[in-house]
file run_13.txt (compact mmCIF, C-alpha atoms)
# COMPACT_ATOMS: atom_id res chain seq x y z
CA MET A 1 -14.08 -11.64 -32.17
CA GLY A 2 -16.83 -11.76 -29.58
CA VAL A 3 -19.18 -9.29 -27.94
CA LYS A 4 -17.46 -6.62 -25.82
CA PHE A 5 -19.06 -5.89 -22.47
CA ASP A 6 -18.56 -2.91 -20.21
CA PHE A 7 -16.47 -3.40 -17.06
CA ARG A 8 -19.54 -2.85 -14.87
CA THR A 9 -21.33 -5.71 -16.61
CA LYS A 10 -18.35 -7.99 -16.02
CA LEU A 11 -18.27 -6.89 -12.39
CA LEU A 12 -21.97 -7.69 -11.99
CA VAL A 13 -21.45 -11.17 -13.47
CA ILE A 14 -18.57 -11.76 -11.01
CA ALA A 15 -20.70 -10.59 -8.06
CA LEU A 16 -23.66 -12.75 -9.11
CA THR A 17 -21.42 -15.78 -9.67
CA MET A 18 -19.85 -15.19 -6.25
CA SER A 19 -23.28 -15.17 -4.61
CA LEU A 20 -24.31 -18.34 -6.47
CA VAL A 21 -21.05 -20.15 -5.71
CA ALA A 22 -21.57 -19.30 -2.03
CA VAL A 23 -25.13 -20.64 -1.98
CA LEU A 24 -25.57 -23.49 -4.49
CA THR A 25 -25.38 -26.97 -2.98
CA SER A 26 -27.03 -29.09 -5.66
CA ASP A 27 -24.53 -30.75 -8.01
CA ILE A 28 -26.78 -30.47 -11.05
CA LEU A 29 -27.23 -26.72 -10.50
CA ILE A 30 -23.45 -26.26 -10.13
CA TYR A 31 -22.79 -28.21 -13.33
CA THR A 32 -25.38 -26.24 -15.32
CA LEU A 33 -23.90 -23.00 -13.97
CA LEU A 34 -20.55 -24.13 -15.38
CA VAL A 35 -22.20 -24.47 -18.80
CA CYS A 36 -23.68 -20.94 -18.45
CA LEU A 37 -20.23 -19.57 -17.64
CA CYS A 38 -18.74 -21.36 -20.66
CA ILE A 39 -21.37 -19.71 -22.87
CA TYR A 40 -20.55 -16.35 -21.21
CA LEU A 41 -16.88 -16.80 -22.14
CA LEU A 42 -17.66 -18.04 -25.67
CA ILE A 43 -19.85 -15.06 -26.58
CA GLN A 44 -16.96 -12.77 -25.59
CA GLY A 45 -14.51 -14.65 -27.81
CA PHE A 46 -12.58 -16.50 -25.10
CA TYR A 47 -12.82 -19.76 -27.05
CA ARG A 48 -9.52 -21.33 -25.97
CA GLN A 49 -10.06 -20.49 -22.30
CA ALA A 50 -13.67 -21.73 -22.37
CA ILE A 51 -12.63 -25.10 -23.80
CA LYS A 52 -9.71 -25.40 -21.36
CA TYR A 53 -11.82 -24.60 -18.28
CA PHE A 54 -14.65 -26.84 -19.44
CA ALA A 55 -12.26 -29.77 -19.96
CA VAL A 56 -10.72 -29.31 -16.49
CA CYS A 57 -14.18 -29.01 -14.93
CA CYS A 58 -15.31 -32.19 -16.69
CA VAL A 59 -12.33 -34.07 -15.23
CA PHE A 60 -13.18 -32.91 -11.70
CA ILE A 61 -16.90 -33.61 -12.18
CA LEU A 62 -16.07 -37.14 -13.34
CA LEU A 63 -13.78 -37.60 -10.33
CA ARG A 64 -16.59 -36.48 -8.00
CA LEU A 65 -19.10 -38.79 -9.70
CA PHE A 66 -16.60 -41.64 -9.66
CA SER A 67 -15.88 -41.16 -5.95
CA GLY A 68 -19.57 -40.91 -5.04
CA GLY A 69 -18.94 -37.80 -2.95
CA ASN A 70 -16.26 -39.44 -0.81
CA GLY A 71 -13.12 -38.20 -2.57
CA ILE A 72 -10.43 -40.29 -4.27
CA THR A 73 -8.50 -41.84 -1.36
CA PHE A 74 -6.52 -39.47 0.86
CA LEU A 75 -4.83 -37.95 -2.21
CA MET A 76 -7.95 -36.18 -3.46
CA PRO A 77 -10.43 -35.61 -0.64
CA GLU A 78 -13.95 -34.45 -1.46
CA MET A 79 -13.12 -30.98 -0.13
CA PHE A 80 -10.29 -30.62 -2.66
CA LEU A 81 -12.54 -31.57 -5.60
CA PHE A 82 -15.30 -29.32 -4.24
CA MET A 83 -12.98 -26.32 -3.79
CA VAL A 84 -11.30 -26.70 -7.20
CA LEU A 85 -14.68 -26.71 -8.97
CA ARG A 86 -15.82 -23.59 -7.14
CA ILE A 87 -12.53 -21.78 -7.69
CA LEU A 88 -12.71 -22.66 -11.39
CA MET A 89 -16.20 -21.15 -11.60
CA MET A 90 -14.93 -17.90 -10.07
CA VAL A 91 -11.91 -17.89 -12.40
CA MET A 92 -14.24 -18.35 -15.38
CA ALA A 93 -16.40 -15.42 -14.26
CA ALA A 94 -13.29 -13.27 -13.72
CA GLN A 95 -11.53 -14.26 -16.98
CA PRO A 96 -12.95 -11.33 -19.04
CA VAL A 97 -11.59 -8.91 -16.41
CA PHE A 98 -8.10 -10.49 -16.55
CA GLY A 99 -8.08 -9.92 -20.29
CA MET A 100 -8.95 -6.21 -20.11
CA PRO A 101 -6.43 -3.69 -21.49
CA PRO A 102 -4.74 -1.74 -18.62
CA GLY A 103 -5.84 1.59 -20.12
CA GLU A 104 -9.47 0.54 -19.85
CA VAL A 105 -9.01 -0.65 -16.25
CA VAL A 106 -7.48 2.72 -15.31
CA ALA A 107 -10.33 4.56 -17.03
CA VAL A 108 -12.92 2.46 -15.22
CA PHE A 109 -11.33 3.09 -11.82
CA LYS A 110 -11.24 6.82 -12.58
CA LYS A 111 -14.88 6.72 -13.59
CA ILE A 112 -16.02 4.99 -10.42
CA HIS A 113 -13.71 7.26 -8.31
CA ALA A 114 -11.85 4.33 -6.74
CA PRO A 115 -9.03 5.37 -4.34
CA SER A 116 -5.73 5.29 -6.25
CA GLY A 117 -3.97 3.51 -3.36
CA ILE A 118 -6.02 0.41 -4.20
CA ALA A 119 -6.92 1.02 -7.86
CA LEU A 120 -3.32 1.32 -9.10
CA PRO A 121 -1.99 -1.89 -7.50
CA ILE A 122 -5.03 -3.79 -8.83
CA THR A 123 -4.39 -2.37 -12.31
CA PHE A 124 -0.76 -3.50 -12.21
CA THR A 125 -1.76 -6.90 -10.80
CA LEU A 126 -4.18 -7.46 -13.68
CA ARG A 127 -1.56 -6.26 -16.18
CA PHE A 128 1.15 -8.55 -14.79
CA PHE A 129 -0.97 -11.64 -14.09
CA PRO A 130 -0.87 -13.24 -17.57
CA THR A 131 2.95 -13.06 -17.70
CA ILE A 132 3.77 -14.63 -14.30
CA ARG A 133 3.95 -18.15 -15.69
CA SER A 134 6.50 -17.18 -18.35
CA GLU A 135 8.58 -15.28 -15.76
CA PHE A 136 8.88 -18.40 -13.62
CA ALA A 137 9.31 -20.68 -16.65
CA ASP A 138 12.31 -18.64 -17.84
CA VAL A 139 13.95 -18.83 -14.42
CA PHE A 140 13.29 -22.57 -14.09
CA SER A 141 14.63 -23.38 -17.57
CA SER A 142 17.75 -21.34 -16.88
CA LEU A 143 18.30 -23.16 -13.56
CA ARG A 144 17.73 -26.55 -15.17
CA LEU A 145 20.27 -25.71 -17.87
CA ARG A 146 22.86 -25.00 -15.17
CA LYS A 147 21.73 -28.06 -13.14
CA LEU A 148 21.10 -25.85 -10.11
CA LEU A 149 17.69 -27.25 -9.16
CA SER A 150 18.01 -29.93 -6.54
CA TRP A 151 15.79 -31.32 -3.78
CA LYS A 152 18.93 -32.14 -1.79
CA HIS A 153 19.53 -28.46 -1.04
CA PRO A 154 16.05 -26.88 -0.71
CA LEU A 155 17.25 -23.58 0.76
CA ASP A 156 19.79 -23.09 -2.03
CA ALA A 157 17.12 -23.98 -4.60
CA MET A 158 14.76 -21.46 -2.99
CA GLU A 159 17.45 -18.77 -3.22
CA TYR A 160 18.20 -19.60 -6.86
CA ILE A 161 14.51 -19.36 -7.77
CA VAL A 162 13.43 -16.42 -5.63
CA THR A 163 16.35 -14.05 -6.31
CA PRO A 164 16.04 -13.86 -10.13
CA VAL A 165 12.24 -13.77 -9.94
CA ILE A 166 12.41 -10.78 -7.55
CA PHE A 167 15.04 -9.02 -9.69
CA ARG A 168 13.04 -9.52 -12.88
CA SER A 169 9.73 -8.53 -11.27
CA SER A 170 11.26 -5.44 -9.71
CA ARG A 171 12.62 -4.37 -13.09
CA ILE A 172 9.22 -4.96 -14.71
CA ALA A 173 7.57 -2.89 -11.94
CA GLU A 174 9.93 0.00 -12.70
CA GLU A 175 9.33 -0.27 -16.44
CA LEU A 176 5.55 -0.41 -16.06
CA ALA A 177 5.60 2.51 -13.63
CA ALA A 178 7.79 4.56 -16.02
CA SER A 179 5.48 3.69 -18.90
CA ALA A 180 2.41 4.70 -16.88
CA GLU A 181 4.09 7.91 -15.67
CA SER A 182 5.05 8.88 -19.21
CA ARG A 183 1.38 8.60 -20.15
CA GLY A 184 0.44 10.89 -17.27
CA ILE A 185 -1.11 8.44 -14.83
CA SER A 186 -0.21 10.60 -11.81
CA ASN A 187 -1.33 13.83 -13.46
CA PRO A 188 -3.75 15.41 -10.98
CA GLY A 189 -5.89 16.96 -13.74
CA GLU A 190 -8.85 15.54 -15.65
CA HIS A 191 -7.94 12.30 -17.45
CA THR A 192 -9.25 11.37 -20.86
CA CYS A 193 -9.45 7.87 -22.32
CA ARG A 194 -9.19 6.72 -25.93
CA ARG A 195 -11.63 3.91 -25.15
CA LYS A 196 -15.22 4.98 -24.68
CA LEU A 197 -16.74 3.47 -21.58
CA LEU A 198 -20.33 3.06 -22.60
CA PHE A 199 -23.05 0.98 -21.09
CA ARG A 200 -24.63 -0.22 -24.30
CA LYS A 201 -27.66 -2.31 -25.23
CA GLN A 202 -25.70 -5.57 -25.02
CA ASP A 203 -24.67 -4.64 -21.47
CA TRP A 204 -28.28 -4.08 -20.40
CA LEU A 205 -29.24 -7.36 -22.05
CA MET A 206 -26.40 -9.27 -20.37
CA CYS A 207 -27.23 -7.76 -16.97
CA VAL A 208 -30.91 -8.69 -17.29
CA ILE A 209 -30.02 -12.25 -18.37
CA ALA A 210 -27.45 -12.62 -15.56
CA VAL A 211 -29.89 -11.38 -12.90
CA ALA A 212 -32.69 -13.59 -14.29
CA ILE A 213 -30.41 -16.66 -14.26
CA THR A 214 -29.30 -15.89 -10.71
CA VAL A 215 -32.89 -15.52 -9.48
CA MET A 216 -33.81 -18.75 -11.25
CA TYR A 217 -30.91 -20.59 -9.57
CA PHE A 218 -31.90 -19.25 -6.15
CA VAL A 219 -35.48 -20.45 -6.69
CA LEU A 220 -34.31 -23.86 -7.94
CA GLU A 221 -31.89 -24.19 -5.01
CA GLY A 222 -34.77 -23.47 -2.61
CA MET A 223 -36.88 -26.13 -4.33
CA VAL A 224 -34.05 -28.68 -4.20
CA LYS A 225 -33.53 -28.04 -0.46
CA VAL A 226 -37.25 -28.52 0.24
CA MET B 1 11.20 21.13 1.74
CA GLN B 2 8.05 20.37 3.70
CA ASN B 3 6.29 19.70 0.41
CA GLU B 4 9.06 17.30 -0.67
CA LYS B 5 8.70 15.38 2.61
CA THR B 6 4.91 15.11 2.13
CA GLN B 7 5.43 13.92 -1.45
CA SER B 8 7.88 11.21 -0.45
CA ALA B 9 5.56 9.89 2.27
CA LYS B 10 2.83 9.30 -0.32
CA LEU B 11 2.73 6.12 -2.38
CA SER B 12 4.06 6.75 -5.91
CA VAL B 13 3.08 4.98 -9.13
CA LYS B 14 6.30 2.95 -8.83
CA ASP B 15 5.25 1.83 -5.35
CA ALA B 16 1.80 0.87 -6.66
CA ALA B 17 3.44 -1.12 -9.48
CA THR B 18 5.74 -2.89 -7.01
CA MET B 19 2.83 -3.78 -4.73
CA GLY B 20 0.58 -4.88 -7.61
CA ILE B 21 3.23 -7.07 -9.21
CA PHE B 22 4.42 -8.66 -5.99
CA CYS B 23 0.83 -9.33 -4.86
CA ALA B 24 0.26 -11.08 -8.20
CA ILE B 25 3.42 -13.19 -7.72
CA MET B 26 2.49 -14.10 -4.16
CA PHE B 27 -1.01 -15.08 -5.23
CA ALA B 28 0.31 -17.24 -8.11
CA VAL B 29 2.91 -18.94 -5.87
CA PHE B 30 0.30 -19.53 -3.16
CA MET B 31 -2.15 -21.07 -5.64
CA ALA B 32 0.53 -23.37 -7.09
CA TYR B 33 1.63 -24.40 -3.59
CA SER B 34 -1.98 -24.95 -2.45
CA MET B 35 -2.78 -27.07 -5.50
CA LEU B 36 0.29 -29.23 -4.84
CA THR B 37 -0.37 -29.66 -1.13
CA GLY B 38 -4.19 -29.44 -1.24
CA ALA B 39 -4.43 -33.17 -1.89
CA SER B 40 -3.74 -33.76 1.81
CA LEU B 41 -6.67 -32.45 3.82
CA PHE B 42 -4.72 -32.61 7.10
CA TYR B 43 -1.82 -30.59 5.68
CA SER B 44 -4.23 -28.05 4.15
CA MET B 45 -6.00 -27.51 7.43
CA ILE B 46 -3.04 -27.42 9.81
CA PHE B 47 0.13 -26.55 7.89
CA ASN B 48 -0.91 -24.79 4.66
CA ALA B 49 -0.55 -21.28 6.09
CA ALA B 50 2.72 -22.23 7.80
CA GLY B 51 4.31 -23.33 4.51
CA ALA B 52 2.93 -20.22 2.78
CA GLY B 53 4.43 -18.08 5.55
CA LEU B 54 7.84 -19.52 4.70
CA ILE B 55 7.79 -19.50 0.89
CA LEU B 56 6.04 -16.14 0.44
CA ALA B 57 8.15 -14.29 3.00
CA PRO B 58 10.96 -13.26 0.57
CA PHE B 59 8.44 -11.57 -1.75
CA TYR B 60 6.65 -9.81 1.11
CA VAL B 61 9.87 -8.61 2.78
CA TYR B 62 11.26 -7.36 -0.53
CA MET B 63 7.97 -5.62 -1.41
CA SER B 64 7.80 -3.93 2.00
CA MET B 65 11.41 -2.78 1.98
CA LYS B 66 11.34 -1.68 -1.66
CA VAL B 67 8.24 0.47 -1.09
CA GLY B 68 9.49 1.60 2.32
CA LYS B 69 6.31 3.57 3.11
CA HIS B 70 3.05 2.84 4.84
CA GLY B 71 0.62 0.82 2.75
CA PRO B 72 2.02 -2.56 1.57
CA ALA B 73 0.67 -4.60 4.52
CA LEU B 74 -2.82 -3.14 4.11
CA VAL B 75 -2.84 -3.34 0.30
CA TYR B 76 -1.61 -6.96 0.34
CA ASN B 77 -4.36 -7.96 2.79
CA ILE B 78 -7.03 -6.03 0.86
CA MET B 79 -6.00 -7.97 -2.26
CA TRP B 80 -6.37 -11.18 -0.24
CA ALA B 81 -9.72 -10.02 1.10
CA ILE B 82 -10.95 -9.57 -2.48
CA ILE B 83 -9.58 -12.95 -3.58
CA ALA B 84 -10.91 -14.72 -0.47
CA GLY B 85 -14.29 -13.06 -0.99
CA LEU B 86 -14.41 -14.33 -4.56
CA MET B 87 -13.11 -17.82 -3.82
CA MET B 88 -14.57 -18.66 -0.40
CA GLY B 89 -17.53 -16.35 0.01
CA PRO B 90 -18.14 -12.70 0.92
CA PHE B 91 -18.17 -13.48 4.65
CA MET B 92 -14.36 -13.81 4.48
CA ILE B 93 -13.79 -10.19 3.34
CA PRO B 94 -14.04 -8.54 6.80
CA TRP B 95 -11.75 -11.18 8.27
CA PHE B 96 -8.84 -10.39 5.91
CA LEU B 97 -9.63 -6.66 5.96
CA GLY B 98 -9.42 -6.63 9.76
CA GLY B 99 -6.15 -8.56 9.60
CA GLY B 100 -4.78 -6.03 7.10
CA ILE B 101 -5.66 -3.10 9.35
CA ILE B 102 -3.96 -4.77 12.35
CA ALA B 103 -0.88 -5.63 10.22
CA GLU B 104 -0.68 -2.03 8.99
CA LEU B 105 -1.16 -0.64 12.51
CA SER B 106 1.76 -2.79 13.65
CA MET B 107 3.92 -0.77 11.24
CA CYS B 108 3.14 2.56 12.91
CA GLY B 109 6.11 4.85 13.26
CA LYS B 110 8.84 6.28 11.09
CA ASP B 111 10.94 4.06 8.81
CA SER B 112 9.29 0.88 10.12
CA TYR B 113 9.18 -0.60 6.61
CA HIS B 114 12.99 -0.66 6.52
CA ASP B 115 13.20 -2.45 9.86
CA ILE B 116 13.20 -6.24 9.39
CA LYS B 117 11.83 -6.82 12.91
CA ARG B 118 8.79 -4.63 12.21
CA VAL B 119 8.27 -6.20 8.79
CA THR B 120 8.49 -9.63 10.44
CA ILE B 121 5.78 -8.66 12.94
CA SER B 122 3.42 -7.53 10.17
CA TRP B 123 4.16 -10.72 8.19
CA VAL B 124 3.47 -12.93 11.23
CA ILE B 125 0.12 -11.13 11.73
CA THR B 126 -0.72 -11.59 8.04
CA ALA B 127 0.26 -15.28 8.15
CA LEU B 128 -1.76 -15.87 11.34
CA VAL B 129 -4.81 -14.22 9.77
CA ARG B 130 -4.48 -16.65 6.87
CA ALA B 131 -3.92 -19.62 9.21
CA ALA B 132 -6.96 -18.73 11.29
CA HIS B 133 -9.33 -18.08 8.39
CA GLY B 134 -10.32 -21.76 8.22
CA MET B 135 -10.90 -21.70 11.97
CA SER B 136 -12.97 -18.52 11.65
CA GLU B 137 -15.26 -20.35 9.23
CA ILE B 138 -16.10 -22.75 12.05
CA TRP B 139 -15.90 -20.33 14.99
CA PHE B 140 -17.71 -17.28 13.63
CA PHE B 141 -19.20 -17.98 10.19
CA LYS B 142 -20.41 -21.56 10.52
CA ASP B 143 -23.87 -20.88 9.06
CA ALA B 144 -22.46 -18.93 6.10
CA PHE B 145 -19.85 -21.67 5.61
CA LEU B 146 -22.50 -24.41 5.64
CA ALA B 147 -24.54 -22.40 3.14
CA THR B 148 -21.66 -22.65 0.63
CA GLY B 149 -22.64 -26.26 0.06
CA VAL B 150 -19.67 -27.79 1.85
CA SER B 151 -20.26 -31.42 2.79
CA GLU B 152 -21.26 -32.41 6.33
CA ALA B 153 -18.24 -34.71 6.54
CA GLN B 154 -15.93 -31.80 5.74
CA VAL B 155 -17.54 -29.59 8.40
CA GLN B 156 -17.22 -32.42 10.92
CA ILE B 157 -13.50 -32.87 10.19
CA GLN B 158 -12.88 -29.11 10.29
CA THR B 159 -14.84 -28.78 13.54
CA GLN B 160 -12.92 -31.71 15.03
CA TYR B 161 -9.53 -30.09 14.32
CA TYR B 162 -10.41 -26.42 14.73
CA THR B 163 -12.17 -26.79 18.07
CA ASP B 164 -9.34 -28.83 19.58
CA PRO B 165 -6.90 -26.41 21.30
CA LYS B 166 -4.01 -28.80 20.62
CA TRP B 167 -4.42 -28.63 16.82
CA VAL B 168 -5.28 -24.93 16.83
CA LEU B 169 -2.16 -24.10 18.83
CA LEU B 170 0.01 -26.38 16.68
CA SER B 171 -1.24 -24.72 13.50
CA LEU B 172 -0.81 -21.16 14.79
CA ALA B 173 2.58 -21.86 16.40
CA ALA B 174 3.91 -23.55 13.25
CA THR B 175 2.66 -20.61 11.16
CA ALA B 176 4.29 -18.01 13.40
CA ALA B 177 7.55 -19.99 13.58
CA LEU B 178 7.80 -20.54 9.82
CA ALA B 179 6.80 -16.94 9.07
CA ILE B 180 9.64 -15.74 11.33
CA LEU B 181 12.05 -18.23 9.73
CA GLY B 182 10.93 -17.00 6.30
CA CYS B 183 11.68 -13.41 7.28
CA VAL B 184 15.12 -14.39 8.68
CA ILE B 185 15.99 -16.13 5.39
CA SER B 186 14.55 -13.21 3.42
CA ASN B 187 16.66 -10.72 5.35
CA LYS B 188 19.77 -12.74 4.51
CA LEU B 189 18.77 -12.70 0.84
CA ILE B 190 18.14 -8.95 0.99
CA VAL B 191 21.56 -8.29 2.52
CA LYS B 192 23.35 -10.73 0.22
CA HIS B 193 21.79 -9.73 -3.10
CA PHE B 194 19.56 -6.67 -3.04
CA ARG B 195 21.28 -4.33 -0.59
CA LYS B 196 24.67 -5.12 -2.09
CA SER B 197 23.40 -4.33 -5.60
CA GLY B 198 21.75 -1.13 -4.37
CA VAL B 199 18.22 -2.21 -5.28
CA ILE B 200 17.19 -1.75 -1.63
CA LYS B 201 18.60 0.92 0.68

call {"tool": "encode", "arguments": {"input": "run_13.txt", "output": "structure tokens"}}
result
Amino acid sequence: MGVKFDFRTKLLVIALTMSLVAVLTSDILIYTLLVCLCIYLLIQGFYRQAIKYFAVCCVFILLRLFSGGNGITFLMPEMFLFMVLRILMMVMAAQPVFGMPPGEVVAVFKKIHAPSGIALPITFTLRFFPTIRSEFADVFSSLRLRKLLSWKHPLDAMEYIVTPVIFRSSRIAEELAASAESRGISNPGEHTCRRKLLFRKQDWLMCVIAVAITVMYFVLEGMVKV
Amino acid sequence: MQNEKTQSAKLSVKDAATMGIFCAIMFAVFMAYSMLTGASLFYSMIFNAAGAGLILAPFYVYMSMKVGKHGPALVYNIMWAIIAGLMMGPFMIPWFLGGGIIAELSMCGKDSYHDIKRVTISWVITALVRAAHGMSEIWFFKDAFLATGVSEAQVQIQTQYYTDPKWVLLSLAATAALAILGCVISNKLIVKHFRKSGVIK
């Protein structure tokens, strides 16, 4: 079990990573930022994810080094390698938010007075995100079993994939909505939360470290450019 | 009675769940599709949004018709604005947000979310906003785009394609055409499976 951070701390780390990803140009700074993000995941107990992301990043870094900044033929242009690395960095920064319990997400949105028209869909998106792969995997394995997947008939294949996925997802949406309704999500009164949303010492410490690292990277980036 | 009408016009928790889940599916499908096709820079720049307009259409049409109230077009584009802001840089947020507002405005009027023609219009707008976002990086946000550390060679290629009216028109026309085709196919699926089973009115 790792350190638990408040949602606002996680949000700050995402915002700072976003600003760094949008500004950093030096390869060495990008690679060291990847290491910082791995440490950020490890201290929160996301061991498996940290190792997985780090391994994928290493592969792409090696490909970039191997290609000398020119991409690997037309199959893997430099832009593709560049984009994947940056997207991976953002995914690493956002990973702790994906793993948050839905109840905590709802409580956070209530606390920051986010409009429910946006807050609720985001809550359900975060709740559903980790299960998408298994939803598609079930449909694909069922279609393979019946030998219904074929490149010869792409429109039929599209229908066979899309229809069950939509049916299943629609049913899940109804179940999640019923579950949320039964717990009083649309109750107009004051909502209480079992989880205490506290900005503790570790959050202050993490925020200070994150801001300090960001400032340091900005300074180093300026020095590299000069 | 008046109160009931007001209630039904508001987005319910079920609608929020439908939008949230279908946005998640569309994002996952788009990422998988982009990873598969991203290897070809030419395809990514010119035809990525066109292909996405076709394969994501069934989910968008179903989501819009299932919710049947104002909101899905805007919420979907706000989700994309957040994702684009995180992945490509904050300068992309207003672009997708503006697109979302235009897509939602195109759905003005009563019962428009049950009309496939109106849903198709909002989907074409959404697809065109996505198709033009790469162009907008060159046209409007070149400095911010360069600041993201993108290579000079990449900017040169993008500028070469996105400032040539021939390629710009080809990309936008293919996107609009495939988005419309996607909605036509989706409507057939809706009639064949979902309306027949009573899932959609």

call {"tool": "interface_residues", "arguments": {"input": "run_13.txt", "of": "chain B", "to": "chain A", "cutoff": "6 Å", "atoms": "only C-alpha atoms", "output": "PyMOL selection string"}}
result
chain B and resi 13-14+16-21+24+39-40+86-87+89+147-149

call {"tool": "residues_around", "arguments": {"input": "run_13.txt", "residues": "Glu104 in chain B", "least_positions_apart": "4", "cutoff": "9 Å", "atoms": "only C-alpha atoms", "output": "number ranges by chain"}}
result
B: 70-74, 99-100, 108, 122

call {"tool": "atom_distance", "arguments": {"input": "run_13.txt", "atom1": "CA of Lys117 in chain B", "atom2": "CA of Cys183 in chain B"}}
result
8.7 Å

call {"tool": "closest_residue", "arguments": {"input": "run_13.txt", "among": "B:Thr159, B:Ser44, B:Val67, B:Met26", "to": "Val199 in chain B", "atoms": "all atoms listed in the file"}}
result
B:Val67

call {"tool": "atom_distance", "arguments": {"input": "run_13.txt", "atom1": "CA of Lys192 in chain B", "atom2": "CA of Trp80 in chain B"}}
result
29.7 Å

call {"tool": "residues_around", "arguments": {"input": "run_13.txt", "residues": "Phe7 in chain A", "least_positions_apart": "4", "cutoff": "10 Å", "atoms": "only C-alpha atoms", "output": "ChimeraX atom specification"}}
result
/A:11-13,96-97,100,104-105,108-109,197-199,203

call {"tool": "closest_residue", "arguments": {"input": "run_13.txt", "among": "B:Ile185, B:Ile157, B:Ala131, B:Met79", "to": "Ile116 in chain B", "atoms": "only C-alpha atoms"}}
result
B:Ile185

call {"tool": "closest_residue", "arguments": {"input": "run_13.txt", "among": "A:Ser67, A:Leu34, A:Ser142, A:Ile43", "to": "Ala55 in chain A", "atoms": "all atoms listed in the file"}}
result
A:Leu34

call {"tool": "atom_distance", "arguments": {"input": "run_13.txt", "atom1": "CA of Gln44 in chain A", "atom2": "CA of Lys4 in chain A"}}
result
6.2 Å

call {"tool": "closest_residue", "arguments": {"input": "run_13.txt", "among": "A:Leu148, A:Phe218, A:Ile28, A:Thr192", "to": "Leu65 in chain A", "atoms": "all atoms listed in the file"}}
result
A:Ile28

call {"tool": "residues_around", "arguments": {"input": "run_13.txt", "residues": "Val61 in chain B", "least_positions_apart": "6", "cutoff": "9 Å", "atoms": "all atoms listed in the file", "output": "number ranges by chain"}}
result
B: 113, 116, 119-120, 123, 183, 186-187, 190

call {"tool": "closest_residue", "arguments": {"input": "run_13.txt", "among": "B:Phe47, B:Phe22, B:Leu56, B:Lys69", "to": "Leu169 in chain B", "atoms": "only C-alpha atoms"}}
result
B:Phe47

call {"tool": "closest_residue", "arguments": {"input": "run_13.txt", "among": "A:Leu62, A:Val211, A:Met92, A:Met223", "to": "Leu16 in chain A", "atoms": "all atoms listed in the file"}}
result
A:Val211

call {"tool": "axis_aligned_box", "arguments": {"input": "run_13.txt", "around": "range 205-209 of chain A", "padding_each_side": "6 Å", "output": "AutoDock Vina command-line options"}}
result
--center_x -28.7 --center_y -9.8 --center_z -19.5 --size_x 16.5 --size_y 16.9 --size_z 17.1

call {"tool": "decode", "arguments": {"input": "run_13.txt", "residues": "range 167-185 of chain B", "atoms": "C-alpha atoms", "output": "short mmCIF file (atom, residue, chain, number, x, y, z; two decimals), in the first residue's frame"}}
result
data_model
loop_
_atom_site.label_atom_id
_atom_site.label_comp_id
_atom_site.auth_asym_id
_atom_site.auth_seq_id
_atom_site.Cartn_x
_atom_site.Cartn_y
_atom_site.Cartn_z
CA TRP B 167 -4.85 18.51 -49.16
CA VAL B 168 -6.93 20.56 -46.73
CA LEU B 169 -10.02 20.17 -48.89
CA LEU B 170 -9.37 16.46 -49.43
CA SER B 171 -9.03 15.88 -45.69
CA LEU B 172 -12.15 17.88 -44.77
CA ALA B 173 -14.24 16.44 -47.63
CA ALA B 174 -13.24 12.85 -46.77
CA THR B 175 -14.06 13.51 -43.10
CA ALA B 176 -17.49 14.95 -43.88
CA ALA B 177 -18.27 12.15 -46.35
CA LEU B 178 -17.23 9.33 -44.01
CA ALA B 179 -18.98 10.96 -41.04
CA ILE B 180 -22.21 11.07 -43.08
CA LEU B 181 -21.68 7.46 -44.23
CA GLY B 182 -21.08 6.47 -40.60
CA CYS B 183 -24.36 8.07 -39.56
CA VAL B 184 -26.24 6.35 -42.42
CA ILE B 185 -24.86 2.96 -41.33
#
